[in-house]
Every structure is written in C-alpha cells, then in structure tokens.
$ cat structure00.pdb   # PDB, C-alpha atoms
ATOM      1  CA  MET A 689       0.000   0.000   0.000  1.00  0.00           C
ATOM      2  CA  THR A 690       2.873   2.349   0.662  1.00  0.00           C
ATOM      3  CA  SER A 691       4.216   1.871  -2.864  1.00  0.00           C
ATOM      4  CA  ALA A 692       1.056   3.295  -4.405  1.00  0.00           C
ATOM      5  CA  TRP A 693       1.841   6.901  -3.503  1.00  0.00           C
ATOM      6  CA  ARG A 694       5.509   6.741  -4.717  1.00  0.00           C
ATOM      7  CA  PRO A 695       6.419   7.762  -8.295  1.00  0.00           C
ATOM      8  CA  ALA A 696       7.001   4.941 -10.797  1.00  0.00           C
ATOM      9  CA  SER A 697      10.758   5.542 -10.955  1.00  0.00           C
ATOM     10  CA  ALA A 698      11.037   5.175  -7.181  1.00  0.00           C
ATOM     11  CA  ARG A 699       9.014   1.948  -7.256  1.00  0.00           C
ATOM     12  CA  LYS A 700      11.280   0.555  -9.988  1.00  0.00           C
ATOM     13  CA  LEU A 701      14.402   1.498  -8.021  1.00  0.00           C
ATOM     14  CA  ALA A 702      13.064  -0.037  -4.835  1.00  0.00           C
ATOM     15  CA  SER A 703      12.207  -3.288  -6.569  1.00  0.00           C
ATOM     16  CA  ALA A 704      15.659  -3.495  -8.179  1.00  0.00           C
ATOM     17  CA  VAL A 705      17.382  -2.921  -4.863  1.00  0.00           C
ATOM     18  CA  SER A 706      15.250  -5.305  -2.884  1.00  0.00           C
ATOM     19  CA  ARG A 707      15.438  -8.251  -5.298  1.00  0.00           C
ATOM     20  CA  PRO A 708      18.913  -9.250  -6.550  1.00  0.00           C
ATOM     21  CA  LYS A 709      18.997 -10.649 -10.055  1.00  0.00           C
ATOM     22  CA  VAL A 710      20.005 -14.252 -10.321  1.00  0.00           C
ATOM     23  CA  ARG A 711      21.565 -15.530 -13.517  1.00  0.00           C
ATOM     24  CA  LYS A 712      20.498 -18.947 -14.576  1.00  0.00           C
ATOM     25  CA  PHE A 713      22.956 -21.072 -16.420  1.00  0.00           C
ATOM     26  CA  PRO A 714      21.652 -22.417 -19.704  1.00  0.00           C
ATOM     27  CA  SER A 715      21.008 -26.062 -20.140  1.00  0.00           C
ATOM     28  CA  PRO A 716      23.525 -27.887 -22.368  1.00  0.00           C
ATOM     29  CA  ASP A 717      20.982 -28.278 -25.154  1.00  0.00           C
ATOM     30  CA  ARG A 718      20.428 -24.490 -25.496  1.00  0.00           C
ATOM     31  CA  PHE A 719      22.555 -21.877 -27.192  1.00  0.00           C
ATOM     32  CA  ALA A 720      24.782 -19.858 -24.881  1.00  0.00           C
ATOM     33  CA  PRO A 721      23.383 -16.407 -24.023  1.00  0.00           C
ATOM     34  CA  GLU A 722      25.192 -13.196 -25.025  1.00  0.00           C
ATOM     35  CA  TRP A 723      26.820 -12.701 -21.653  1.00  0.00           C
ATOM     36  CA  SER A 724      28.609 -16.030 -21.544  1.00  0.00           C
ATOM     37  CA  ALA A 725      32.238 -16.487 -22.519  1.00  0.00           C
ATOM     38  CA  PRO A 726      33.078 -18.178 -25.814  1.00  0.00           C
ATOM     39  CA  PRO A 727      33.781 -21.897 -25.648  1.00  0.00           C
ATOM     40  CA  LEU A 728      37.294 -22.981 -24.808  1.00  0.00           C
ATOM     41  CA  GLY A 729      39.532 -22.914 -27.861  1.00  0.00           C
ATOM     42  CA  VAL A 730      37.652 -20.064 -29.567  1.00  0.00           C
ATOM     43  CA  GLN A 731      38.916 -16.512 -29.643  1.00  0.00           C
ATOM     44  CA  GLY A 732      37.142 -13.697 -31.473  1.00  0.00           C
ATOM     45  CA  GLY A 733      34.762 -16.155 -33.114  1.00  0.00           C
ATOM     46  CA  VAL A 734      37.611 -18.113 -34.767  1.00  0.00           C
ATOM     47  CA  PRO A 735      38.776 -21.435 -33.355  1.00  0.00           C
ATOM     48  CA  ARG A 736      42.339 -21.040 -32.116  1.00  0.00           C
ATOM     49  CA  SER A 737      43.429 -24.168 -33.957  1.00  0.00           C
ATOM     50  CA  ILE A 738      42.583 -22.529 -37.333  1.00  0.00           C
ATOM     51  CA  VAL A 739      44.840 -19.474 -36.908  1.00  0.00           C
ATOM     52  CA  PRO A 740      48.154 -21.399 -36.962  1.00  0.00           C
ATOM     53  CA  LEU A 741      46.883 -23.507 -39.855  1.00  0.00           C
ATOM     54  CA  ALA A 742      46.157 -20.395 -41.931  1.00  0.00           C
ATOM     55  CA  ALA A 743      49.645 -19.046 -41.249  1.00  0.00           C
ATOM     56  CA  LEU A 744      51.149 -22.410 -42.124  1.00  0.00           C
ATOM     57  CA  ALA A 745      49.174 -22.504 -45.380  1.00  0.00           C
ATOM     58  CA  ALA A 746      50.489 -19.061 -46.382  1.00  0.00           C
ATOM     59  CA  VAL A 747      54.102 -20.069 -45.700  1.00  0.00           C
ATOM     60  CA  LEU A 748      53.613 -23.352 -47.531  1.00  0.00           C
ATOM     61  CA  ALA A 749      52.179 -21.547 -50.571  1.00  0.00           C
ATOM     62  CA  ALA A 750      55.245 -19.253 -50.715  1.00  0.00           C
ATOM     63  CA  VAL A 751      57.639 -22.196 -50.409  1.00  0.00           C
ATOM     64  CA  LEU A 752      55.789 -24.157 -53.093  1.00  0.00           C
ATOM     65  CA  ALA A 753      55.864 -21.166 -55.448  1.00  0.00           C
ATOM     66  CA  ALA A 754      59.628 -20.844 -55.023  1.00  0.00           C
ATOM     67  CA  ALA A 755      60.071 -24.612 -55.449  1.00  0.00           C
ATOM     68  CA  ALA A 756      57.941 -24.599 -58.606  1.00  0.00           C
ATOM     69  CA  PHE A 757      60.079 -21.808 -60.022  1.00  0.00           C
ATOM     70  CA  ALA A 758      63.262 -23.732 -59.254  1.00  0.00           C
ATOM     71  CA  ALA A 759      61.841 -27.040 -60.511  1.00  0.00           C
ATOM     72  CA  ALA A 760      60.802 -25.485 -63.825  1.00  0.00           C
ATOM     73  CA  GLY A 761      64.450 -25.464 -64.775  1.00  0.00           C
ATOM     74  CA  ALA A 762      64.462 -21.706 -65.303  1.00  0.00           C
ATOM     75  CA  PRO A 763      67.810 -20.226 -64.340  1.00  0.00           C
ATOM     76  CA  ALA A 764      67.651 -17.737 -61.505  1.00  0.00           C
ATOM     77  CA  PRO A 765      68.124 -14.335 -63.134  1.00  0.00           C
ATOM     78  CA  TYR A 766      69.880 -12.360 -60.370  1.00  0.00           C
ATOM     79  CA  THR A 767      72.516 -12.612 -57.629  1.00  0.00           C
ATOM     80  CA  VAL A 768      72.214 -12.043 -53.904  1.00  0.00           C
ATOM     81  CA  ALA A 769      74.567  -9.045 -54.081  1.00  0.00           C
ATOM     82  CA  GLN A 770      72.516  -7.484 -56.877  1.00  0.00           C
ATOM     83  CA  ALA A 771      69.298  -7.915 -54.858  1.00  0.00           C
ATOM     84  CA  ALA A 772      70.979  -6.286 -51.836  1.00  0.00           C
ATOM     85  CA  GLN A 773      72.007  -3.315 -53.981  1.00  0.00           C
ATOM     86  CA  GLY A 774      68.464  -3.183 -55.355  1.00  0.00           C
ATOM     87  CA  ALA A 775      67.039  -3.156 -51.822  1.00  0.00           C
ATOM     88  CA  LYS A 776      69.042  -0.013 -51.030  1.00  0.00           C
ATOM     89  CA  LEU A 777      67.931   1.655 -54.260  1.00  0.00           C
ATOM     90  CA  TYR A 778      64.320   0.634 -53.631  1.00  0.00           C
ATOM     91  CA  ALA A 779      64.454   2.180 -50.141  1.00  0.00           C
ATOM     92  CA  THR A 780      65.654   5.524 -51.507  1.00  0.00           C
ATOM     93  CA  GLU A 781      63.827   5.690 -54.850  1.00  0.00           C
ATOM     94  CA  CYS A 782      60.650   3.579 -54.597  1.00  0.00           C
ATOM     95  CA  SER A 783      59.503   3.019 -51.011  1.00  0.00           C
ATOM     96  CA  ILE A 784      57.940   6.464 -50.660  1.00  0.00           C
ATOM     97  CA  CYS A 785      55.172   5.423 -53.112  1.00  0.00           C
ATOM     98  CA  HIS A 786      55.249   1.620 -52.964  1.00  0.00           C
ATOM     99  CA  GLY A 787      55.869   1.204 -49.216  1.00  0.00           C
ATOM    100  CA  ALA A 788      58.804  -0.078 -47.215  1.00  0.00           C
ATOM    101  CA  HIS A 789      57.454  -3.639 -47.458  1.00  0.00           C
ATOM    102  CA  LEU A 790      56.136  -3.411 -51.057  1.00  0.00           C
ATOM    103  CA  GLU A 791      52.614  -3.086 -49.647  1.00  0.00           C
ATOM    104  CA  GLY A 792      51.659  -0.064 -51.759  1.00  0.00           C
ATOM    105  CA  VAL A 793      51.036   3.458 -50.472  1.00  0.00           C
ATOM    106  CA  THR A 794      50.196   5.859 -53.285  1.00  0.00           C
ATOM    107  CA  GLY A 795      51.624   3.455 -55.859  1.00  0.00           C
ATOM    108  CA  PRO A 796      50.481  -0.160 -56.261  1.00  0.00           C
ATOM    109  CA  ALA A 797      51.701  -3.030 -54.112  1.00  0.00           C
ATOM    110  CA  LEU A 798      54.582  -4.943 -55.687  1.00  0.00           C
ATOM    111  CA  LEU A 799      53.957  -8.353 -54.174  1.00  0.00           C
ATOM    112  CA  SER A 800      52.971 -11.038 -56.681  1.00  0.00           C
ATOM    113  CA  GLY A 801      49.754 -11.958 -54.855  1.00  0.00           C
ATOM    114  CA  GLN A 802      48.577  -8.347 -54.890  1.00  0.00           C
ATOM    115  CA  LEU A 803      49.417  -7.405 -58.485  1.00  0.00           C
ATOM    116  CA  SER A 804      46.533  -7.385 -60.926  1.00  0.00           C
ATOM    117  CA  GLY A 805      46.868 -10.266 -63.355  1.00  0.00           C
ATOM    118  CA  SER A 806      50.169 -12.088 -63.440  1.00  0.00           C
ATOM    119  CA  PRO A 807      52.595  -9.647 -65.043  1.00  0.00           C
ATOM    120  CA  SER A 808      55.892 -10.997 -66.277  1.00  0.00           C
ATOM    121  CA  VAL A 809      59.249  -9.610 -65.251  1.00  0.00           C
ATOM    122  CA  ALA A 810      59.517  -7.974 -68.687  1.00  0.00           C
ATOM    123  CA  GLU A 811      56.166  -6.196 -68.263  1.00  0.00           C
ATOM    124  CA  VAL A 812      57.005  -4.896 -64.785  1.00  0.00           C
ATOM    125  CA  TYR A 813      60.490  -3.890 -65.918  1.00  0.00           C
ATOM    126  CA  ALA A 814      59.117  -1.982 -68.930  1.00  0.00           C
ATOM    127  CA  VAL A 815      56.832   0.096 -66.718  1.00  0.00           C
ATOM    128  CA  MET A 816      59.501   0.559 -64.057  1.00  0.00           C
ATOM    129  CA  SER A 817      62.295   1.621 -66.422  1.00  0.00           C
ATOM    130  CA  THR A 818      60.185   4.076 -68.423  1.00  0.00           C
ATOM    131  CA  GLN A 819      57.758   5.525 -65.871  1.00  0.00           C
ATOM    132  CA  MET A 820      59.535   5.340 -62.509  1.00  0.00           C
ATOM    133  CA  PRO A 821      60.347   7.053 -60.242  1.00  0.00           C
ATOM    134  CA  ALA A 822      57.162   9.054 -60.604  1.00  0.00           C
ATOM    135  CA  THR A 823      58.962  12.329 -59.855  1.00  0.00           C
ATOM    136  CA  ALA A 824      61.638  11.725 -62.518  1.00  0.00           C
ATOM    137  CA  PRO A 825      60.699   8.929 -64.963  1.00  0.00           C
ATOM    138  CA  GLY A 826      63.619   7.080 -66.574  1.00  0.00           C
ATOM    139  CA  SER A 827      66.187   8.946 -64.487  1.00  0.00           C
ATOM    140  CA  LEU A 828      68.035   5.880 -63.163  1.00  0.00           C
ATOM    141  CA  LYS A 829      70.729   3.958 -65.012  1.00  0.00           C
ATOM    142  CA  PRO A 830      69.795   0.585 -66.590  1.00  0.00           C
ATOM    143  CA  ALA A 831      71.953  -1.258 -64.041  1.00  0.00           C
ATOM    144  CA  GLN A 832      70.059   0.452 -61.208  1.00  0.00           C
ATOM    145  CA  TYR A 833      66.688  -0.543 -62.665  1.00  0.00           C
ATOM    146  CA  ALA A 834      67.966  -4.117 -63.052  1.00  0.00           C
ATOM    147  CA  ALA A 835      69.117  -4.147 -59.409  1.00  0.00           C
ATOM    148  CA  ILE A 836      65.690  -2.954 -58.240  1.00  0.00           C
ATOM    149  CA  MET A 837      64.099  -5.686 -60.384  1.00  0.00           C
ATOM    150  CA  ALA A 838      66.422  -8.233 -58.735  1.00  0.00           C
ATOM    151  CA  PHE A 839      65.208  -7.016 -55.332  1.00  0.00           C
ATOM    152  CA  LEU A 840      61.574  -7.387 -56.454  1.00  0.00           C
ATOM    153  CA  LEU A 841      62.296 -10.944 -57.615  1.00  0.00           C
ATOM    154  CA  LYS A 842      63.876 -11.789 -54.261  1.00  0.00           C
ATOM    155  CA  ALA A 843      60.986 -10.190 -52.355  1.00  0.00           C
ATOM    156  CA  ASN A 844      58.556 -12.299 -54.396  1.00  0.00           C
ATOM    157  CA  HIS A 845      60.378 -15.537 -53.456  1.00  0.00           C
ATOM    158  CA  HIS A 846      62.326 -16.174 -56.657  1.00  0.00           C
ATOM    159  CA  PRO A 847      65.589 -17.911 -55.714  1.00  0.00           C
ATOM    160  CA  PRO A 848      68.881 -16.174 -56.560  1.00  0.00           C
ATOM    161  CA  GLY A 849      71.394 -17.562 -59.022  1.00  0.00           C
ATOM    162  CA  THR A 850      74.947 -16.897 -60.117  1.00  0.00           C
ATOM    163  CA  THR A 851      74.341 -14.544 -63.048  1.00  0.00           C
ATOM    164  CA  VAL A 852      73.559 -10.856 -62.795  1.00  0.00           C
ATOM    165  CA  LEU A 853      70.235  -9.615 -64.160  1.00  0.00           C
ATOM    166  CA  THR A 854      70.939  -7.223 -67.023  1.00  0.00           C
ATOM    167  CA  ASP A 855      68.750  -4.611 -68.667  1.00  0.00           C
ATOM    168  CA  ALA A 856      68.517  -6.712 -71.854  1.00  0.00           C
ATOM    169  CA  LYS A 857      67.622  -9.899 -69.951  1.00  0.00           C
ATOM    170  CA  ALA A 858      64.958  -8.116 -67.838  1.00  0.00           C
ATOM    171  CA  LYS A 859      63.268  -6.783 -70.975  1.00  0.00           C
ATOM    172  CA  VAL A 860      62.605 -10.285 -72.334  1.00  0.00           C
ATOM    173  CA  LEU A 861      62.158 -12.408 -69.181  1.00  0.00           C
ATOM    174  CA  THR A 862      58.684 -13.973 -69.313  1.00  0.00           C
ATOM    175  CA  THR A 863      58.772 -15.377 -65.768  1.00  0.00           C
ATOM    176  CA  PRO A 864      55.773 -14.118 -63.754  1.00  0.00           C
ATOM    177  CA  LEU A 865      56.743 -11.737 -61.008  1.00  0.00           C
TER     178      LEU A 865
END

$ encode --input "structure00.pdb" --output "structure tokens"
Amino acid sequence: MTSAWRPASARKLASAVSRPKVRKFPSPDRFAPEWSAPPLGVQGGVPRSIVPLAALAAVLAAVLAAAAFAAAGAPAPYTVAQAAQGAKLYATECSICHGAHLEGVTGPALLSGQLSGSPSVAEVYAVMSTQMPATAPGSLKPAQYAAIMAFLLKANHHPPGTTVLTDAKAKVLTTPL
C-alpha cells in the first residue's frame, strides 16, 4: 500500500534494490546467451586451432611457389649481391610510393599476390624503367633498374642464381613476377 503513492521511478528502483537478479545457467541443449564467454579454444569467433593452420598454409604456398620456379628449370636471373644493392635503391627511390614492405602506399603493391593479373618480369620492368620514379621517370641507369628488379624478384620468393640480371635480360624475361 505504501508503494502506491511513490512515483514509478522510485518503485522501480526499490524493486531493483530489494530483489537481486540471479543468472540462470543455460542447459547444455540451449545456445549460450550473449553474456557467456566463448567456448574454450575459440577466440574472437575463430577457433584457435585454425589461426596457426592459416599461417602455415600461407608459408607453404610461398615455399611451393619458389620450389615450382626452381623445378621449372628456369635459371635464376639475379645474384644475392645485386638484390641487396636493389634493396638499397628501392628504399631511396621507390619506397615512398610503394611502401617499405612493397605493400603499396600511393603506388600499387609490388607483391605477386597483390598485383593485378600475373605480369611478367619484362612487363614490370618496362613500366619501371620508363615511368619510374614518378617524380623523374627514366632517371636511373639501366643497371640500377635491373638491381631494383632483382630485389623485387627476391621479395617475391624467386631464388637467386649466379648470373647478374641485365637490362637486356629483364626486358625479355617472361617469368611471372
């Protein structure tokens, strides 16, 4: 009878204070309510066992691509030293637009899985040697362009060889980047 003269908000507050809420655990045959934790082994909606498998699949794909290139009998078109020189040139001349890790910033990504189509080394080299760097197209020497191409080949998991990649060889190499 005393609650009749109190405002509705006061009655609601009094009932909430006087009766504690009790959570009932769901039966095993029901779906878990929103407030429950995810099942063991699941994080962020993805089973934890899947995450390492996805990473392993990506590494395996890269290794298989390099093995397929080597097994095709195609000679490796660059040396380790040339790729190292190309990495330095890439850092100074190309990374501002294409990113430090070839991920693409204002220019496109230069990783084989992210390039549109499957351009060959010759196609990439033709664009690179005539249109890059964007601020001064064609301003590098042919040996510098070849060194940058060697770095791109190494970054895209093509194994090095014992011969240096030349301007002439890069212009006709049909190997996909």

$ resolve_selection --input "structure00.pdb" --expression "the PyMOL selection byres ((chain A and resi 842) around 12)" --output "PyMOL selection string"
chain A and resi 750+754+764-775+790+798-800+835-841+843-849+853+865

$ residues_around --input "structure00.pdb" --residues "Pro864 (chain A)" --least-positions-apart "4" --cutoff "8 Å" --atoms "all atoms listed in the file" --output "ChimeraX atom specification"
/A:806-809

$ write_last_selection --input "structure00.pdb" --atoms "C-alpha atoms" --output "mmCIF file, in the coordinates of the input"
data_model
loop_
_atom_site.group_PDB
_atom_site.id
_atom_site.type_symbol
_atom_site.label_atom_id
_atom_site.label_comp_id
_atom_site.auth_asym_id
_atom_site.auth_seq_id
_atom_site.Cartn_x
_atom_site.Cartn_y
_atom_site.Cartn_z
ATOM 1 C CA SER A 806 50.169 -12.088 -63.440
ATOM 2 C CA PRO A 807 52.595 -9.647 -65.043
ATOM 3 C CA SER A 808 55.892 -10.997 -66.277
ATOM 4 C CA VAL A 809 59.249 -9.610 -65.251
#

$ residues_near_point --input "structure00.pdb" --point "(58.7, 5.2, -59.4)" --cutoff "9 Å" --atoms "only C-alpha atoms" --output "list in words"
Glu781, Cys782, Ser783, Ile784, Cys785, His786, Gly795, Met816, Ser817, Gln819, Met820, Pro821, Ala822, Thr823, Ala824, Pro825 and Gly826 of chain A

$ write_last_selection --input "structure00.pdb" --atoms "C-alpha atoms" --output "PDB file, in the frame of the given file"
ATOM      1  CA  GLU A 781      63.827   5.690 -54.850  1.00  0.00           C
ATOM      2  CA  CYS A 782      60.650   3.579 -54.597  1.00  0.00           C
ATOM      3  CA  SER A 783      59.503   3.019 -51.011  1.00  0.00           C
ATOM      4  CA  ILE A 784      57.940   6.464 -50.660  1.00  0.00           C
ATOM      5  CA  CYS A 785      55.172   5.423 -53.112  1.00  0.00           C
ATOM      6  CA  HIS A 786      55.249   1.620 -52.964  1.00  0.00           C
ATOM      7  CA  GLY A 795      51.624   3.455 -55.859  1.00  0.00           C
ATOM      8  CA  MET A 816      59.501   0.559 -64.057  1.00  0.00           C
ATOM      9  CA  SER A 817      62.295   1.621 -66.422  1.00  0.00           C
ATOM     10  CA  GLN A 819      57.758   5.525 -65.871  1.00  0.00           C
ATOM     11  CA  MET A 820      59.535   5.340 -62.509  1.00  0.00           C
ATOM     12  CA  PRO A 821      60.347   7.053 -60.242  1.00  0.00           C
ATOM     13  CA  ALA A 822      57.162   9.054 -60.604  1.00  0.00           C
ATOM     14  CA  THR A 823      58.962  12.329 -59.855  1.00  0.00           C
ATOM     15  CA  ALA A 824      61.638  11.725 -62.518  1.00  0.00           C
ATOM     16  CA  PRO A 825      60.699   8.929 -64.963  1.00  0.00           C
ATOM     17  CA  GLY A 826      63.619   7.080 -66.574  1.00  0.00           C
TER      18      GLY A 826
END

$ closest_residue --input "structure00.pdb" --among "A:Val815, A:Thr780, A:Asp855, A:Gly801" --to "Lys829 (chain A)" --atoms "all atoms listed in the file"
A:Asp855

$ atom_distance --input "structure00.pdb" --atom1 "CA of Thr851 (chain A)" --atom2 "CA of Lys776 (chain A)"
19.6 Å

$ atom_distance --input "structure00.pdb" --atom1 "CA of Leu861 (chain A)" --atom2 "CA of Pro830 (chain A)"
15.3 Å

$ closest_residue --input "structure00.pdb" --among "A:Gln832, A:Ser804, A:Ser827, A:Thr794" --to "Ala858 (chain A)" --atoms "all atoms listed in the file"
A:Gln832

$ closest_residue --input "structure00.pdb" --among "A:Thr863, A:Tyr833, A:Thr850, A:Lys857" --to "Leu777 (chain A)" --atoms "only C-alpha atoms"
A:Tyr833

$ atom_distance --input "structure00.pdb" --atom1 "CA of Ala814 (chain A)" --atom2 "CA of Lys859 (chain A)"
6.7 Å
